[in-house]
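**Student:** Take this structure first; my questions come after.
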Amino acid sequence: MNDETMTLDEIRKRVDERRQMCDQIKEVLVERLDLPILPDWITDDQPLFGRGLELDSVDALELAVGVDYVADVSVTDEQVGMFGSINRIIDYIEAHRDDFEDAVEGGDSVA
Amino acid sequence: MEEQSPFAAAFPASTVYEMIGDVTVPWRYTSVDEEYAALRGTSGLIDLSGAGLIAVDGPGAEGLLSRLFTREIEFLSQETSVMGLFLTEDATPLDVVTISRTDDGFLVETAIGRRTSTLAHLGSFAGPDVTVRELGGELAMLGFEGPASWDVAEALLDEPITGLPFQGVRPVQMDGFDVTVSRTGFTGEFGFKLVGPREHAGTMWSKAAAHAVPTGQEALEIAMIETRQPILHREAMGREATVVRCGFNWLVDFEKEEFLGREALTAQRASGPSTLPVGFVSDAAVIEPGTRVGVGSEAVGEVVHAVHSPGLGTFCGIAHVEADYAASGIVFDVIGTPSTVRTVSAPARIPTSWGELIASQVSQGS
C-alpha cells in the first residue's frame with residue numbers, strides 16, 4: 001500500500017463526508033435557482049454551465065451567493081474553476097473554509 | 001465500401017487514422033501536442049464527418065423523436081439545439097445526439113461512429129408518416145474549438161454571428177454559399193460547427209485551415225476527458241454501461257414523462273448504482289482499460305479509459321469505482337504496481353475560454 005493511500009474504512013468515511021457536502025450544495029443549487037430537477041439526479045462531476053445544468057450569468061451570481069450563505073465562503077472573479085462542477089465547488093469550499101464540515105454536521109439550514 | 005471524409009483531400013500525408021465505430025477518422029495530423037495546444041490555446045479545426053447527420057422529417061417526426069429522445073424537444077426552435085441520449089428499452093445508452101429543428105422536421109447529429117446504428121434505431125421505430133434519411137452524401141460538417149474560435153468564425157463567415165448563444169443555430173453564408181453554424185462543441189472551449197454542402201467541403205476546410213489548426217480525434221478526446229464530456233465509444237461500449245454508471249444523468253430530463261428506456265432507468269435509479277465514474281490523474285506511464293485500482297491488493301474499481309494530457313503533464317482518465325469508495329480526492333493503488341491514481345474533480349483542466357467567460361459573469365453580477 002502506498003504511503004498516501006488510506007484504508008478502505010478511511011476511504012468510506014471520507015466518501016460519506018464528501019457526499020454530504022455535495023448533497024447540501026445540490027440542494028442549495030436546486031432551491032435557490034428553482035431548478036426543475038431532483039438534487040439526487042445531479043452528478044458530482046457534471047458541468048453546471050453550458051449544456052450541463054444550463055446555468056447562466058444570473059445563476060452564477062445566485063450560486064456564488066448561495067455558497068457564501070451555506071459555507072461562509074465568498075467568491076471572487078478569480079475563482080473561475082469553482083463553477084465547473086459540484087465537486088469543484090466542494091474543493092473550493094474545503095480550501096477556503098475548514099469548518100464547513102462542522103456546519104454540515106450541525107445541520108445548519110441550507111435555504 | 002466506407003465513405004471517405006469529404007475533407008480527406010486536404011489531409012497531409014503524415015495523417016494517422018483510427019477506426020471508431022463505423023468510420024475511420026483522422027486520429028492525428030502531425031503532432032498531438034501541437035493539436036491539443038491549438039484546442040486549449042488558439043483554435044483547433046476538427047473533421048466531424050465521422051458523425052452522422054440524419055434528417056427526420058414528416059408529420060410524425062416530432063412524435064418519433066419525443067418517444068426516443070431523453071430531452072424535451074416540444075419547444076425546440078430552429079434557432080437552438082439540444083444534446084441528449086437515445087437509449088435502448090433496457091436503458092443502455094445507444095447514442096449521444098444533438099437535435100435541431102429544420103423547415104421540414106429535425107436534424108439529428110450522432111456521435112462519431114454511431115451513424116449506422118442510430119439510423120437503424122430511428123428507422124425501426126419510424127411509422128409511415130416519418131422519413132428518416134442520412135445526409136452524409138449531401139452535407140459536410142467541421143468544427144473549430146478553442147479560445148480564439150469567435151475570431152475564426154468572424155474570419156470565415158460572410159456575416160457576423162455576434163451574440164449567438166451557446167447551442168444556438170443560425171443559417172449564414174460562407175464564401176457565397178449557404179452553411180449552418182451552431183455554437184456547440186466538445187471541449188468546454190468556445191466551439192462552433194459548420195454544416196455546408198458536401199460539394200463545397202474543400203473550400204470549407206481550406207478556408208478554416210487558414211485560421212485554425214487541423215486537430216485530430218486523439219487531441220479532441222484528451223480535451224474531452226479533461227472536461228468529462230461524454231465519449232460514448234470509450235465509456236459506454238463493450239461493458240455494462242448504464243446512464244448512472246457512466247455519469248450521463250445530465251443528458252436525461254427525468255421530468256420528461258415518456259421516452260424509450262425511462263422505465264428501466266427509473267428502476268436503475270431506485271436500486272442505486274453499484275459503481276460510479278470518477279476522474280483521476282496518475283503519473284503511471286500506462287493505465288490500460290481494465291486496470292484494477294484499490295487499496296493494497298483489494299480492488300474497488302477499474303480504469304475505463306485514460307490518456308496522457310499535455311495540458312496537465314500527466315495521465316488522466318476515468319475509472320468506475322464501487323459507489324462506497326467513489327469521490328474526488330482519494331488516492332488508490334494501481335493493483336500489482338507501485339503506482340497510484342488520485343481521483344480529481346471535473347473538469348480536471350479548466351478550459352482556457354472560461355477565464356474570459358465566467359470571470360465576466362461573476363464580475364457583472366457583483
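Scheme for the C-alpha cells: letters A, B, ... for chains in order shown; per-chain residue numbers from 1; ligand numbers from 1 in order shown.
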With only C-alpha atoms as the counted atoms, please give the residues lying no more than 10 Å from B:Val97, apart from itself and same-chain residues fewer than 5 positions off, as a PyMOL selection string.

**Tutor:** chain B and resi 51-53+69-70+82-86+107-112+114+118+251

**Student:** Keeping only N, CA and C atoms, write the selected residues as a short mmCIF file (atom, residue, chain, number, x, y, z; two decimals), in the first residue's frame.

**Tutor:**
data_model
loop_
_atom_site.label_atom_id
_atom_site.label_comp_id
_atom_site.auth_asym_id
_atom_site.auth_seq_id
_atom_site.Cartn_x
_atom_site.Cartn_y
_atom_site.Cartn_z
N ALA B 51 -19.37 11.81 -37.72
CA ALA B 51 -20.68 11.84 -37.06
C ALA B 51 -21.76 11.75 -38.14
N GLY B 52 -22.85 11.08 -37.84
CA GLY B 52 -23.94 11.00 -38.80
C GLY B 52 -24.82 12.23 -38.73
N LEU B 53 -25.30 12.66 -39.88
CA LEU B 53 -26.32 13.72 -39.95
C LEU B 53 -27.57 13.08 -40.53
N PHE B 69 -36.05 10.28 -27.56
CA PHE B 69 -35.01 11.18 -27.05
C PHE B 69 -35.23 11.45 -25.57
N THR B 70 -34.14 11.59 -24.81
CA THR B 70 -34.24 11.76 -23.36
C THR B 70 -34.43 13.20 -22.92
N VAL B 82 -30.31 20.86 -28.94
CA VAL B 82 -30.29 20.24 -27.61
C VAL B 82 -29.56 18.89 -27.71
N MET B 83 -28.77 18.60 -26.69
CA MET B 83 -27.99 17.37 -26.66
C MET B 83 -28.59 16.41 -25.64
N GLY B 84 -28.69 15.16 -26.01
CA GLY B 84 -29.24 14.15 -25.11
C GLY B 84 -28.91 12.76 -25.59
N LEU B 85 -29.68 11.80 -25.14
CA LEU B 85 -29.37 10.40 -25.43
C LEU B 85 -30.51 9.71 -26.16
N PHE B 86 -30.16 8.72 -26.96
CA PHE B 86 -31.08 7.66 -27.35
C PHE B 86 -30.71 6.46 -26.49
N LEU B 107 -32.99 17.71 -37.53
CA LEU B 107 -31.69 17.18 -37.91
C LEU B 107 -31.08 16.53 -36.66
N VAL B 108 -30.71 15.27 -36.80
CA VAL B 108 -30.11 14.52 -35.69
C VAL B 108 -28.64 14.32 -36.01
N GLU B 109 -27.79 14.82 -35.14
CA GLU B 109 -26.34 14.63 -35.30
C GLU B 109 -25.89 13.55 -34.32
N THR B 110 -25.33 12.48 -34.84
CA THR B 110 -24.94 11.36 -33.97
C THR B 110 -23.53 11.59 -33.42
N ALA B 111 -23.14 10.75 -32.48
CA ALA B 111 -21.76 10.74 -32.03
C ALA B 111 -20.89 10.14 -33.14
N ILE B 112 -19.59 10.36 -33.04
CA ILE B 112 -18.65 9.79 -34.02
C ILE B 112 -18.82 8.27 -34.05
N ARG B 114 -21.40 6.44 -34.85
CA ARG B 114 -22.69 5.86 -34.45
C ARG B 114 -23.76 6.04 -35.53
N THR B 118 -27.57 4.28 -35.22
CA THR B 118 -28.64 5.23 -34.89
C THR B 118 -29.65 5.35 -36.04
N LEU B 251 -27.71 14.20 -19.25
CA LEU B 251 -28.23 14.11 -20.62
C LEU B 251 -29.65 13.56 -20.64
#

**Student:** Would you kindly return, as an mmCIF file with N, CA and C atoms, in the first residue's frame, each protein, DNA or RNA residue with an atom no farther than 10 Å from any atom of stretch 5-9 of chain A, considering only C-alpha atoms and excluding same-chain residues fewer than 6 positions away?

**Tutor:**
data_model
loop_
_atom_site.group_PDB
_atom_site.id
_atom_site.type_symbol
_atom_site.label_atom_id
_atom_site.label_comp_id
_atom_site.auth_asym_id
_atom_site.auth_seq_id
_atom_site.Cartn_x
_atom_site.Cartn_y
_atom_site.Cartn_z
ATOM 1 N N VAL A 15 -15.549 9.404 1.867
ATOM 2 C CA VAL A 15 -16.569 9.476 0.811
ATOM 3 C C VAL A 15 -17.907 9.910 1.398
ATOM 4 N N GLY B 294 -7.391 0.080 -6.216
ATOM 5 C CA GLY B 294 -7.958 -0.209 -4.904
ATOM 6 C C GLY B 294 -6.979 0.125 -3.802
ATOM 7 N N VAL B 295 -7.013 -0.670 -2.772
ATOM 8 C CA VAL B 295 -6.114 -0.474 -1.631
ATOM 9 C C VAL B 295 -5.349 -1.760 -1.400
ATOM 10 N N GLY B 296 -4.028 -1.675 -1.478
ATOM 11 C CA GLY B 296 -3.221 -2.889 -1.356
ATOM 12 C C GLY B 296 -3.563 -3.837 -2.492
ATOM 13 N N GLU B 298 -6.629 -5.239 -2.662
ATOM 14 C CA GLU B 298 -8.093 -5.288 -2.767
ATOM 15 C C GLU B 298 -8.604 -4.257 -3.768
ATOM 16 N N VAL B 300 -11.265 -2.036 -5.858
ATOM 17 C CA VAL B 300 -12.601 -1.451 -5.697
ATOM 18 C C VAL B 300 -13.072 -0.800 -6.996
ATOM 19 N N ASP B 324 -19.347 3.045 -2.767
ATOM 20 C CA ASP B 324 -18.908 3.403 -1.402
ATOM 21 C C ASP B 324 -17.536 4.065 -1.376
ATOM 22 N N TYR B 325 -16.785 3.924 -2.473
ATOM 23 C CA TYR B 325 -15.411 4.437 -2.497
ATOM 24 C C TYR B 325 -15.220 5.531 -3.560
ATOM 25 N N ILE B 330 -9.402 10.998 -3.574
ATOM 26 C CA ILE B 330 -8.986 9.725 -2.989
ATOM 27 C C ILE B 330 -7.784 9.186 -3.771
ATOM 28 N N VAL B 331 -6.802 8.656 -3.053
ATOM 29 C CA VAL B 331 -5.655 8.019 -3.706
ATOM 30 C C VAL B 331 -5.853 6.506 -3.657
ATOM 31 N N PHE B 332 -5.816 5.875 -4.825
ATOM 32 C CA PHE B 332 -5.927 4.428 -4.912
ATOM 33 C C PHE B 332 -4.621 3.843 -5.435
ATOM 34 N N ASP B 333 -4.311 2.658 -4.981
ATOM 35 C CA ASP B 333 -3.190 1.923 -5.559
ATOM 36 C C ASP B 333 -3.610 1.355 -6.917
ATOM 37 N N THR B 340 0.039 4.861 -8.215
ATOM 38 C CA THR B 340 -1.263 5.249 -7.662
ATOM 39 C C THR B 340 -2.027 6.089 -8.685
ATOM 40 N N VAL B 341 -3.315 6.190 -8.451
ATOM 41 C CA VAL B 341 -4.131 7.182 -9.155
ATOM 42 C C VAL B 341 -4.793 8.045 -8.090
ATOM 43 N N ARG B 342 -4.961 9.316 -8.395
ATOM 44 C CA ARG B 342 -5.636 10.231 -7.469
ATOM 45 C C ARG B 342 -6.914 10.721 -8.136
#

**Student:** From the options A:Phe83, A:Asp68, A:Phe49, A:Asp91, which residue's atoms come nearest to B:Phe166, counting only C-alpha atoms?

**Tutor:**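 Among the listed residues, the smallest separation from B:Phe166 belongs to A:Phe49.
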
**Student:** Contacts of B:Val169 at 10 Å or less, counting only C-alpha atoms, minus same-chain residues fewer than 5 places along, as a list in words?

**Tutor:**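 Skipping anything fewer than 5 positions along the chain leaves Ser77, Gln78, Glu79, Thr80, Ser81, Ser100, Arg101, Ile161, Leu164, Thr180, Val181, Ser182, Arg183, Thr184, Phe192, Lys193 and Leu194 of chain B.
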
**Student:** Keeping only N, CA and C atoms, take the residues you just selected and write them out as a compact mmCIF listing (two decimals), in the first residue's frame.

**Tutor:**
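Written file, part39.txt:
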# COMPACT_ATOMS: atom_id res chain seq x y z
N SER B 77 -36.80 25.46 -30.95
CA SER B 77 -36.99 26.31 -32.12
C SER B 77 -35.90 26.01 -33.15
N GLN B 78 -35.98 26.68 -34.30
CA GLN B 78 -34.94 26.48 -35.32
C GLN B 78 -33.67 27.24 -34.97
N GLU B 79 -33.70 28.00 -33.90
CA GLU B 79 -32.52 28.81 -33.53
C GLU B 79 -31.67 28.14 -32.46
N THR B 80 -32.05 26.94 -32.05
CA THR B 80 -31.27 26.32 -30.98
C THR B 80 -31.19 24.80 -31.19
N SER B 81 -30.38 24.17 -30.38
CA SER B 81 -30.20 22.72 -30.46
C SER B 81 -30.16 22.16 -29.04
N SER B 100 -31.60 19.47 -33.72
CA SER B 100 -32.08 20.82 -34.01
C SER B 100 -33.28 20.71 -34.94
N ARG B 101 -34.10 21.74 -34.93
CA ARG B 101 -35.30 21.73 -35.77
C ARG B 101 -34.99 22.34 -37.13
N ILE B 161 -21.83 36.76 -36.46
CA ILE B 161 -22.75 35.94 -35.66
C ILE B 161 -22.69 36.38 -34.20
N LEU B 164 -24.50 34.96 -30.85
CA LEU B 164 -25.04 33.60 -30.99
C LEU B 164 -24.87 32.87 -29.65
N THR B 180 -24.84 26.23 -42.19
CA THR B 180 -25.48 26.42 -40.89
C THR B 180 -24.39 26.40 -39.84
N VAL B 181 -24.37 27.44 -39.02
CA VAL B 181 -23.39 27.49 -37.93
C VAL B 181 -24.12 27.23 -36.62
N SER B 182 -23.52 26.42 -35.79
CA SER B 182 -24.08 26.20 -34.45
C SER B 182 -22.96 26.36 -33.43
N ARG B 183 -23.33 26.89 -32.29
CA ARG B 183 -22.32 27.12 -31.25
C ARG B 183 -22.36 25.97 -30.25
N THR B 184 -21.75 24.91 -30.64
CA THR B 184 -21.67 23.73 -29.77
C THR B 184 -20.29 23.12 -29.93
N PHE B 192 -17.62 25.92 -32.35
CA PHE B 192 -18.61 26.09 -33.41
C PHE B 192 -18.57 24.89 -34.35
N LYS B 193 -19.73 24.60 -34.94
CA LYS B 193 -19.80 23.61 -36.01
C LYS B 193 -20.35 24.29 -37.25
N LEU B 194 -19.82 23.88 -38.39
CA LEU B 194 -20.34 24.36 -39.66
C LEU B 194 -20.83 23.18 -40.47

**Student:** Step one, run DSSP on the backbone; step two, keep only residues of stretch 35-205 of chain B assigned to strand (DSSP E); then write them as a ChimeraX atom specification.

**Tutor:** /B:44-47,51-57,81-87,93-101,105-112,131-134,139-145,169-174,177-182,191-197

**Student:** Using only C-alpha atoms, determine which residues of chain B fall within 9 Å of chain A; present them as a ChimeraX atom specification.

**Tutor:** /B:82-83,166-167,188,227-229,244,247-251,253-255,269,278-279,294-297,324-333,338-340,344-347,349-351,354-366

**Student:** Keeping only C-alpha atoms, write the selected residues to a file as an mmCIF file, in the first residue's frame.

**Tutor:**
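The result, written out as again-v2.cif:
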data_model
loop_
_atom_site.group_PDB
_atom_site.id
_atom_site.type_symbol
_atom_site.label_atom_id
_atom_site.label_comp_id
_atom_site.auth_asym_id
_atom_site.auth_seq_id
_atom_site.Cartn_x
_atom_site.Cartn_y
_atom_site.Cartn_z
ATOM 1 C CA VAL B 82 -30.287 20.239 -27.614
ATOM 2 C CA MET B 83 -27.991 17.370 -26.664
ATOM 3 C CA PHE B 166 -24.468 28.521 -26.588
ATOM 4 C CA GLN B 167 -26.302 25.779 -28.516
ATOM 5 C CA GLY B 188 -15.505 23.243 -22.835
ATOM 6 C CA THR B 227 -13.667 18.176 -19.111
ATOM 7 C CA ARG B 228 -15.630 14.909 -18.710
ATOM 8 C CA GLN B 229 -17.594 15.327 -21.896
ATOM 9 C CA VAL B 244 -25.760 6.376 -13.991
ATOM 10 C CA GLY B 247 -22.410 9.682 -15.235
ATOM 11 C CA PHE B 248 -24.664 10.630 -18.147
ATOM 12 C CA ASN B 249 -27.511 11.772 -15.834
ATOM 13 C CA TRP B 250 -27.269 15.323 -17.144
ATOM 14 C CA LEU B 251 -28.231 14.114 -20.618
ATOM 15 C CA ASP B 253 -34.587 15.014 -18.355
ATOM 16 C CA PHE B 254 -36.276 12.853 -15.776
ATOM 17 C CA GLU B 255 -39.092 15.378 -15.693
ATOM 18 C CA ARG B 269 -32.207 4.839 -10.267
ATOM 19 C CA VAL B 278 -14.570 9.120 -11.151
ATOM 20 C CA GLY B 279 -11.963 11.151 -12.959
ATOM 21 C CA GLY B 294 -7.958 -0.209 -4.904
ATOM 22 C CA VAL B 295 -6.114 -0.474 -1.631
ATOM 23 C CA GLY B 296 -3.221 -2.889 -1.356
ATOM 24 C CA SER B 297 -4.386 -5.986 -3.192
ATOM 25 C CA ASP B 324 -18.908 3.403 -1.402
ATOM 26 C CA TYR B 325 -15.411 4.437 -2.497
ATOM 27 C CA ALA B 326 -16.224 6.885 -5.296
ATOM 28 C CA ALA B 327 -15.363 10.514 -4.559
ATOM 29 C CA SER B 328 -12.910 13.183 -5.566
ATOM 30 C CA GLY B 329 -9.641 13.430 -3.650
ATOM 31 C CA ILE B 330 -8.986 9.725 -2.989
ATOM 32 C CA VAL B 331 -5.655 8.019 -3.706
ATOM 33 C CA PHE B 332 -5.927 4.428 -4.912
ATOM 34 C CA ASP B 333 -3.190 1.923 -5.559
ATOM 35 C CA PRO B 338 3.826 0.691 -7.004
ATOM 36 C CA SER B 339 1.814 3.359 -8.837
ATOM 37 C CA THR B 340 -1.263 5.249 -7.662
ATOM 38 C CA VAL B 344 -9.976 14.537 -9.120
ATOM 39 C CA SER B 345 -12.923 16.846 -9.620
ATOM 40 C CA ALA B 346 -14.181 17.715 -13.081
ATOM 41 C CA PRO B 347 -13.030 19.438 -15.067
ATOM 42 C CA ARG B 349 -8.300 21.015 -16.646
ATOM 43 C CA ILE B 350 -10.151 24.337 -16.672
ATOM 44 C CA PRO B 351 -10.892 25.321 -20.283
ATOM 45 C CA TRP B 354 -13.692 30.029 -19.097
ATOM 46 C CA GLY B 355 -11.204 32.589 -17.893
ATOM 47 C CA GLU B 356 -12.939 35.150 -20.023
ATOM 48 C CA LEU B 357 -16.466 33.816 -19.849
ATOM 49 C CA ILE B 358 -17.086 33.080 -16.175
ATOM 50 C CA ALA B 359 -14.961 35.860 -14.777
ATOM 51 C CA SER B 360 -17.068 38.333 -16.696
ATOM 52 C CA GLN B 361 -20.272 36.691 -15.472
ATOM 53 C CA VAL B 362 -19.262 36.924 -11.836
ATOM 54 C CA SER B 363 -17.915 40.454 -12.029
ATOM 55 C CA GLN B 364 -21.015 41.663 -13.891
ATOM 56 C CA GLY B 365 -23.180 40.421 -11.091
ATOM 57 C CA SER B 366 -21.142 41.620 -8.167
#

**Student:** Do you have the atom CA of B:Ala10-atom CA of B:Ile46 distance handy?

**Tutor:**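 Separation of atom CA of B:Ala10 and atom CA of B:Ile46: 12.5 Å.
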
**Student:** Using only C-alpha atoms, which of B:Leu76, B:Ile335, B:Leu265, B:Ala323 sits nearest B:Ile287?

**Tutor:**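 Ranking B:Leu76, B:Ile335, B:Leu265, B:Ala323 by distance to B:Ile287, first place goes to B:Ile335.
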
**Student:** To one decimal place in Å, what is the distance between atom CA of B:Tyr17 and atom CA of B:Ala209?

**Tutor:**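 Spanning atom CA of B:Tyr17 to atom CA of B:Ala209 is a straight-line distance of 18.7 Å.
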
**Student:** Work out how far atom CA of B:Pro93 is from atom CA of B:Thr266, in Å to one decimal.

**Tutor:**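 According to the coordinates, atom CA of B:Thr266 and atom CA of B:Pro93 are separated by 14.2 Å.
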